[in-house]
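K.L.:
Below you'll find the structure I mean.
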Amino acid sequence: MQISSCRIKQALVVKIEGELDHHTADAVRERLDSMLEDPSIKYMIFDLSQLKFMDSSGIGVFIGRYKVVSQRGGAVSVVYVTPQINKVLEVSGLYRIIRKYDSIEEALSAVGGCDE
Amino acid sequence: MEVINEMRLEFPSKSQNESFARVTVAAFAAQLDPTLEEIADIKTAVSEAVTNAIIHGYENTIGIVTVIAKLYEGKIEIEVIDEGKGIEDIEKARQPLYTSKPELERSGMGFTVMETFMDEVEVISAPGQGTRVKLVKYLKSAGGELRRNDGQG
């Protein structure tokens, strides 16, 4: 499990590599929460292109981070979602609170991150 | 219906075995030549059931989780069994968003995911009696049949 991030204005682009299940969820949660200690981060964009597997444990991780940024008036989005993960996100109703985009650029422009 | 092949897996309820269990069952299911989507469905459902056994059945104490998989023509049957605390109200536990452990940031979607990804989900449980979750998936590919014919030369 690897997590890397890149800050673009008020948005944090987070790439999660590996598998997100109950076993790895705690470590992921800790990493994300330490990133969110910076109160100027309003938007989290998760790049899931290298996430090989996710079950409903991942849903809890996304909802928890959504609660934090939504209190700051921000939002959570996901990009490059694979079919297996898309199915888990759809079934759990997560798309009612987080948005899915086709690319990081698209997700950034939706939050004004690419403005000159 | 004739069982083509079967396997039994036993492991302690450690969370690192969640990945081991779902990958092993998926590898075994591959004998039926399922599609990539069917394999992903099976992996996800097994992961949910095994996670439930570890978190809820044994509540993070160590017990034995047993996984039995049986292959039939065009069908896989998987049982995930724990000898843990059991479920008091199965109907309630199966409801979407219900979780007995909200403090753990659990989504309460485990059974909903299993029901969506598999064709049949049966839960047998009683307090103090452990839990047995039976997952059935019918495979659209005719791989089971092909495989058997291969064997006959």
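Ordering of the structure tokens sets the chain letters (A, B, ...); residue numbers start at 1 within each chain; ligands are numbered from 1 in the order shown.
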Pick out each residue of region 3-99 of chain B that DSSP on the backbone tags as alpha helix (DSSP H); I need them as a PyMOL selection string.
P.N.:
chain B and resi 17-29+36-52+90-94
K.L.:
May I have the residues of chain B within 9 Å of chain A, counting only C-alpha atoms, written as a list in words?
P.N.:
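Here is what falls inside 9 Å: Lys14, Ser15, Gln16, Asn17, Glu18, Ser19, Glu37, Ala40, Asp41, Lys43, Thr44, Ala45, Ser47, Glu48, Thr51, Ile55, Pro96, Leu97, Leu104, Glu105, Arg106, Ser107, Gly108, Met109, Gly110, Thr112, Val113, Thr116 and Phe117 of chain B.
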K.L.:
I need the residue nearest Thr99 (chain B) from this list: B:His56, B:Ala30, B:Lys70, B:Ile124. Use only C-alpha atoms for the distance.
P.N.:
B:His56
K.L.:
Considering only C-alpha atoms, can you say which of B:Ala21, B:Glu115, B:Pro12, B:Tyr138 comes closest to Ile62 (chain B)?
P.N.:
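For Ile62 (chain B), the nearest of the candidates is B:Pro12.
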K.L.:
Name the residues of chain B that fall into strand (DSSP E) according to DSSP on the backbone, using the chain letters and numbers of this document, as a PyMOL selection string.
P.N.:
chain B and resi 5-12+64-72+75-82+120-125+131-138
